[in-house]
Amino acid sequence: MNLFSEEKQIFRLPDAELIYISNFFSKVEADGYFDTLKTTTDWQEDNIKVFGKVYKQPRLTALFGENNQPYSYSNIAMYPKPFTKELNSIKQKIEAISNETFNTVLLNLYRNGNDSNGWHADNEKELGKHPIIASVTFGEERPFHFKHRRLKEERHKLILQHGSLLLMKGAMQEHWLHQIAKTKKNIGERINLTFRNLVNL
Ligand SMILES: O=C(O)CCC(=O)C(=O)O
């Protein structure tokens with residue numbers, strides 16, 4: 001028996017393919033990355049505008065990139081810092097398994113159950129058509145909800161575990177929305193990394 005085999009699940013859905021590997025990183029690796037990213041990242045707290053009112057974004061973020069290309073979403077423009085040694089190692093491991101290349105990573109720090117990420121798609125024009133997004137989780141596990149924009153019966157939930165990798169593929173960002181909802185449960189911190197490939201427009 002191979003104790004270290006990866007537990008890979010493939011979900012083929014209308015207009016989307018998801019690949020989930022629960023133990024992409026070992027517990028020791030995932031613990032180490034969580035601590036390093038938590039303590040060495042220059043986390044920023046942005047303001048967001050909802051119906052004309054300004055609120056604090058309900059999580060902290062940081063952007064890293066291989067070039068200086070800014071990334072804008074929800075009226076927030078973010079300017080990347082250079083990849084660190086740890087982020088490069090994570091990126092290389094994901095590129096090896098996915099056969100894709102990524103030049104940017106957005107980090108989210110959810111401090112507790114009050115932090116969240118509302119329904120959205122990663123469909124900014126600088127990601128190109130049908131982007132592949134690679135999402136890594138370190139720390140507290142949280143449910144990842146996703147729903148089809150049109151097919152109302154297509155609503156699903158995946159628990160993203162410590163050290164896991166989720167690849168979102170196909171036309172998912174065009175036809176589906178995803179979220180990390182608030183919870184009243186007393187839970188700890190979670191760091192999520194979404195690797196993306198920004199194209200030069
Ligand atoms: O935290 C997550 O798992 C999702 C992050 C996300 O949707 C995003 O950064 O666009």
# chains A, B, ... in the order shown; residues from 1 in each chain; ligands from 1
>>> residues_around(residues="range 147-160 of chain A", least_positions_apart="3", cutoff="6 Å", atoms="only C-alpha atoms", output="list in words")
Glu141, Arg142, Pro143, Phe144, His175, Trp176 and Leu177 of chain A
>>> residues_near_ligand(ligand="ligand 1", cutoff="8 Å", atoms="only C-alpha atoms and all ligand atoms", output="ChimeraX atom specification")
/A:106-108,110,116-117,120-122,135-137,142,144,160,178-180,191-194
>>> select_by_dssp(residues="range 9-191 of chain A", states="strand (DSSP E or B)", output="number ranges by chain")
A: 9-13, 16-21, 44, 47-50, 53-56, 60-65, 71-73, 76-78, 81-82, 104-110, 117-120, 133-139, 142-148, 155-160, 164-169, 176-180, 190-191
>>> residues_around(residues="Ser98 in chain A", least_positions_apart="3", cutoff="9 Å", atoms="only C-alpha atoms", output="number ranges by chain")
A: 93-95, 101, 134, 167
>>> residues_around(residues="Gln9 in chain A", least_positions_apart="3", cutoff="8 Å", atoms="only C-alpha atoms", output="ChimeraX atom specification")
/A:19-21
>>> write_last_selection(atoms="C-alpha atoms", output="CSV table (one decimal), in the first residue's frame")
chain,number,residue,atom,x,y,z
A,19,ILE,CA,-9.9,18.2,-10.2
A,20,TYR,CA,-9.4,18.0,-6.4
A,21,ILE,CA,-6.4,16.5,-4.7
>>> atom_distance(atom1="CA of Leu127 in chain A", atom2="CA of Thr39 in chain A")
28.9 Å
